[in-house]
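Enquirer: Once you've had a glance at the structure underneath, I'll fire off some questions.
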Amino acid sequence: MQKRIDKKEILKVVILVLIMVCISITVFIINDFEKEPLTSNEGQSYEKASVVEITKDNLQEDGNRYGNQEMILELKTGEHKGEKVNATSPSGTLFGADCVVGMKVIAIVSATGDTLVTTVYSQDRTLPIILFVLILILAICLIGGKKGAKAVISLAFTLIAIFFILFPLLYQGASPVMVTVMISALVSVFTILFVGGINNKSFAAIVGTVAGVIAAGVSAYIFGNVAGISGYNVSDIENLNYVAQYCDLQIGGLLFAGIIISSLGAVMDVGMSIASTIHEISEKKPEATAKELFLSGIHVGKDMMGTMSNTLILAFVGGSITTLMLNYSYNLSGNQLLNSYNIGIEIMQGVAGSLGVVLTVPITALISAKVCKKTKG
């Protein structure tokens, strides 16, 4: 038994190493291109700085801020590191900051010859972001132990696959839906094998997960065609059309690719849970038939469907809470609300993702039951 386990562990390590090597080579090849500059940033940079002195405040007697705040900044990075410069901070809600002496900020430094024009872009959030990410990683590792550490590595792999494989391929003109399905399958294989090991349980979970995300993508595509919704109806279409003039980006498929990516996590969770449950039942009750194992998986899946569907729909609602609040505030009629593109897209995302979760349950249960009984036999 020990010898068999050792062989499986070795095979697992070999497969994961091969995947990592292939991914590394792929990332290097895919990212070996130059992106077209969409804006001119010559002479402009974003640098870290600290507020040395407030020379003119814009805080009024009513407690609000109007106009620009003026100050002296000490630059901490860039070509002018260590220099003290005059700067302004706009009172907008998206740019600028309510500066106080000692505050860390990000400054836009525009150099024209010997002249520097400096504007506060935002408060420097680098340290809080790093700290919260580290807290999350620490919590996962402390509570999850070895499994938690594996989950962190899997998350890192997922982010690398999205930002260094998916996005470059989309930018260079690859089919959004096809590439996203491939990336989802790759992430599923790596994550499930890395966390669950090489066994029948992982095989069933992988197949169920891939089938679930494909179901989500197909249902979204069908919904879009029937309802007259395409990737050209998104709110950022003007900016996307501008970007597409300088690259081969296929805008129409981005919406459906996003639905596949957003449903991947929930679908993978359901697939792995169903496969693990059936595998555990099969181990504890070897006399159970394939039908009994299948029905056990369905019973467990019924409990998960509601929570996972809620998770997806609430995630989509949370991401669009500002738009929904505006619609509510303007008291839009039912006909106007249901037939607007924004609401239609949100409904399509929630329904398609939930359908992917629901279909993952019977697919994974069926495969797990068949595989477990075949192995026992």
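Just so we're on the same page: first chain in the structure tokens is A, next is B, and so on; residues restart at 1 for each chain, and ligands are numbered from 1 in the order they show up.
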Mind checking which residues fall within 6 Å of region 61-69 of chain A, counting only C-alpha atoms, ignoring those fewer than 3 positions away in the same chain, and posting them as a VMD selection string?
Expert: chain A and resid 56 to 58 88 to 91
Enquirer: Need the shell around region 118-135 of chain A: protein/DNA/RNA residues with any atom at most 12 Å away, counting only C-alpha atoms. Skip same-chain ones fewer than 6 positions apart. Format as number ranges by chain?
Expert: A: 43-51, 68-76, 80, 83-100, 102-112, 141-143, 152, 156
Enquirer: Would you give me, as a ChimeraX atom specification, the residues in region 166-212 of chain A that DSSP reads as alpha helix (DSSP H)?
Expert: /A:167-171,176-196,200-212
Enquirer: Looking at A:Lys373, A:Gly145, A:Glu238, A:Gly265, which one is nearest to Ser309 (chain A), with distances taken over only C-alpha atoms?
Expert: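 Between A:Lys373, A:Gly145, A:Glu238, A:Gly265, the residue approaching Ser309 (chain A) most closely is A:Gly265.
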Enquirer: Can you work out the spacing between CA of Leu255 (chain A) and CA of Gly231 (chain A) in Å, to one decimal?
Expert: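 A separation of 5.0 Å between them.
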Enquirer: Of the candidates A:Ser329, A:Ser154, A:Ser175, A:Asn241, which one gets nearest to Leu193 (chain A) if we count only C-alpha atoms?
Expert: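 For Leu193 (chain A), the nearest of the candidates is A:Ser154.
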Enquirer: When distances are computed from only C-alpha atoms, which of A:Val357, A:Val27, A:Val226, A:Ala244 shows the smallest separation from Asn310 (chain A)?
Expert: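 Going through A:Val357, A:Val27, A:Val226, A:Ala244 one by one, the smallest distance to Asn310 (chain A) is for A:Val357.
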Enquirer: With only C-alpha atoms as the basis for distance, which of A:Phe294, A:Phe256, A:Tyr232, A:Phe164 is at the shortest distance from Gly217 (chain A)?
Expert: A:Phe256
Enquirer: Please provide the set of residues having any atom within 8 Å of Ile367 (chain A), restricted to only C-alpha atoms, with same-chain residues fewer than 3 positions apart removed, written as a ChimeraX atom specification.
Expert: /A:204,208,363-364,370-371
Enquirer: Grab the CA of Leu136 (chain A) to CA of Ala315 (chain A) distance for me, in Å with one decimal place.
Expert: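 Those two atoms sit 19.3 Å apart.
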Enquirer: To one decimal in Å, tell me the separation between CA of Val101 (chain A) and CA of Ile54 (chain A).
Expert: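 Spanning CA of Val101 (chain A) to CA of Ile54 (chain A) is a straight-line distance of 6.7 Å.
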Enquirer: Quick one: everything within 12 Å of Tyr242 (chain A), counting only C-alpha atoms, minus sequence neighbours fewer than 4 positions away in the same chain. Send it as an MDAnalysis selection string.
Expert: chainID A and resid 36:39 236:238 246:249 251
Enquirer: Those residues you just picked out, can you put them in a file as a PDB file, in the first residue's frame with N, CA, C and O atoms?
Expert:
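What follows is the written file out_0.pdb:
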ATOM      1  N   GLU A  36      -0.077  48.275 -28.244  1.00  0.00           N
ATOM      2  CA  GLU A  36      -0.153  49.602 -28.844  1.00  0.00           C
ATOM      3  C   GLU A  36      -0.476  50.634 -27.763  1.00  0.00           C
ATOM      4  O   GLU A  36      -1.399  50.436 -26.969  1.00  0.00           O
ATOM      5  N   PRO A  37       0.296  51.735 -27.700  1.00  0.00           N
ATOM      6  CA  PRO A  37      -0.011  52.776 -26.702  1.00  0.00           C
ATOM      7  C   PRO A  37      -1.310  53.494 -27.044  1.00  0.00           C
ATOM      8  O   PRO A  37      -1.460  54.039 -28.131  1.00  0.00           O
ATOM      9  N   LEU A  38      -2.255  53.470 -26.116  1.00  0.00           N
ATOM     10  CA  LEU A  38      -3.559  54.103 -26.346  1.00  0.00           C
ATOM     11  C   LEU A  38      -3.560  55.565 -25.934  1.00  0.00           C
ATOM     12  O   LEU A  38      -4.369  56.352 -26.416  1.00  0.00           O
ATOM     13  N   THR A  39      -2.695  55.916 -25.022  1.00  0.00           N
ATOM     14  CA  THR A  39      -2.550  57.312 -24.598  1.00  0.00           C
ATOM     15  C   THR A  39      -1.062  57.648 -24.516  1.00  0.00           C
ATOM     16  O   THR A  39      -0.225  56.754 -24.362  1.00  0.00           O
ATOM     17  N   ASP A 236     -19.307  49.486 -21.121  1.00  0.00           N
ATOM     18  CA  ASP A 236     -17.992  49.997 -21.534  1.00  0.00           C
ATOM     19  C   ASP A 236     -17.749  49.850 -23.027  1.00  0.00           C
ATOM     20  O   ASP A 236     -16.604  49.849 -23.470  1.00  0.00           O
ATOM     21  N   ILE A 237     -18.806  49.752 -23.827  1.00  0.00           N
ATOM     22  CA  ILE A 237     -18.631  49.436 -25.243  1.00  0.00           C
ATOM     23  C   ILE A 237     -17.833  50.498 -25.996  1.00  0.00           C
ATOM     24  O   ILE A 237     -17.042  50.184 -26.881  1.00  0.00           O
ATOM     25  N   GLU A 238     -18.013  51.784 -25.630  1.00  0.00           N
ATOM     26  CA  GLU A 238     -17.272  52.832 -26.338  1.00  0.00           C
ATOM     27  C   GLU A 238     -15.762  52.680 -26.123  1.00  0.00           C
ATOM     28  O   GLU A 238     -14.979  52.772 -27.063  1.00  0.00           O
ATOM     29  N   TYR A 246      -6.931  49.198 -32.115  1.00  0.00           N
ATOM     30  CA  TYR A 246      -5.477  49.058 -32.045  1.00  0.00           C
ATOM     31  C   TYR A 246      -5.035  47.612 -31.796  1.00  0.00           C
ATOM     32  O   TYR A 246      -3.853  47.344 -31.656  1.00  0.00           O
ATOM     33  N   CYS A 247      -5.993  46.698 -31.702  1.00  0.00           N
ATOM     34  CA  CYS A 247      -5.647  45.287 -31.522  1.00  0.00           C
ATOM     35  C   CYS A 247      -6.744  44.438 -32.151  1.00  0.00           C
ATOM     36  O   CYS A 247      -7.654  44.959 -32.793  1.00  0.00           O
ATOM     37  N   ASP A 248      -6.652  43.135 -31.968  1.00  0.00           N
ATOM     38  CA  ASP A 248      -7.615  42.214 -32.586  1.00  0.00           C
ATOM     39  C   ASP A 248      -8.654  41.705 -31.585  1.00  0.00           C
ATOM     40  O   ASP A 248      -9.185  40.602 -31.738  1.00  0.00           O
ATOM     41  N   LEU A 249      -8.950  42.486 -30.584  1.00  0.00           N
ATOM     42  CA  LEU A 249      -9.882  42.081 -29.536  1.00  0.00           C
ATOM     43  C   LEU A 249     -11.265  41.798 -30.110  1.00  0.00           C
ATOM     44  O   LEU A 249     -11.823  42.607 -30.853  1.00  0.00           O
ATOM     45  N   ILE A 251     -14.727  41.800 -29.239  1.00  0.00           N
ATOM     46  CA  ILE A 251     -15.559  42.355 -28.180  1.00  0.00           C
ATOM     47  C   ILE A 251     -16.798  41.510 -27.908  1.00  0.00           C
ATOM     48  O   ILE A 251     -17.196  41.315 -26.758  1.00  0.00           O
TER      49      ILE A 251
END
Enquirer: Show me, as JSON, numbers by chain, the residues that have an atom within 10 Å of region 332-348 of chain A when counting only C-alpha atoms, minus same-chain residues fewer than 2 positions from it.
Expert: {"A": [216, 219, 220, 221, 222, 223, 224, 227, 228, 229, 230, 231, 233, 234, 235, 255, 256, 259, 313, 316, 317, 319, 320, 323, 324, 326, 327, 328, 329, 330, 350, 351, 352, 353, 354]}
Enquirer: With a distance cut-off of 8 Å and only C-alpha atoms, select the neighbouring residues of Phe194 (chain A), excluding the residue or stretch itself and same-chain residues fewer than 3 positions from it, and output the selection as a compact mmCIF listing (two decimals) with N, CA, C and O atoms, in the first residue's frame.
Expert:
# COMPACT_ATOMS: atom_id res chain seq x y z
N LYS A 12 1.74 12.49 -9.19
CA LYS A 12 1.11 13.79 -8.96
C LYS A 12 2.12 14.92 -9.10
O LYS A 12 1.86 15.92 -9.79
N LEU A 16 2.12 17.84 -12.02
CA LEU A 16 2.04 19.26 -11.64
C LEU A 16 3.27 20.03 -12.10
O LEU A 16 3.17 21.18 -12.56
N LYS A 150 -2.27 24.77 0.02
CA LYS A 150 -2.49 24.34 -1.36
C LYS A 150 -3.52 25.24 -2.05
O LYS A 150 -3.39 25.55 -3.24
N SER A 154 -3.06 27.38 -5.43
CA SER A 154 -4.02 27.22 -6.53
C SER A 154 -4.60 28.56 -6.96
O SER A 154 -4.78 28.83 -8.15
N PHE A 190 -5.53 21.75 -12.60
CA PHE A 190 -4.45 22.04 -11.65
C PHE A 190 -4.96 22.10 -10.22
O PHE A 190 -4.40 21.47 -9.32
N THR A 191 -6.04 22.84 -10.00
CA THR A 191 -6.55 23.04 -8.65
C THR A 191 -7.03 21.73 -8.03
O THR A 191 -6.66 21.39 -6.89
N GLY A 197 -5.48 15.43 -5.22
CA GLY A 197 -4.64 14.31 -5.60
C GLY A 197 -5.13 13.63 -6.87
O GLY A 197 -6.18 13.97 -7.43
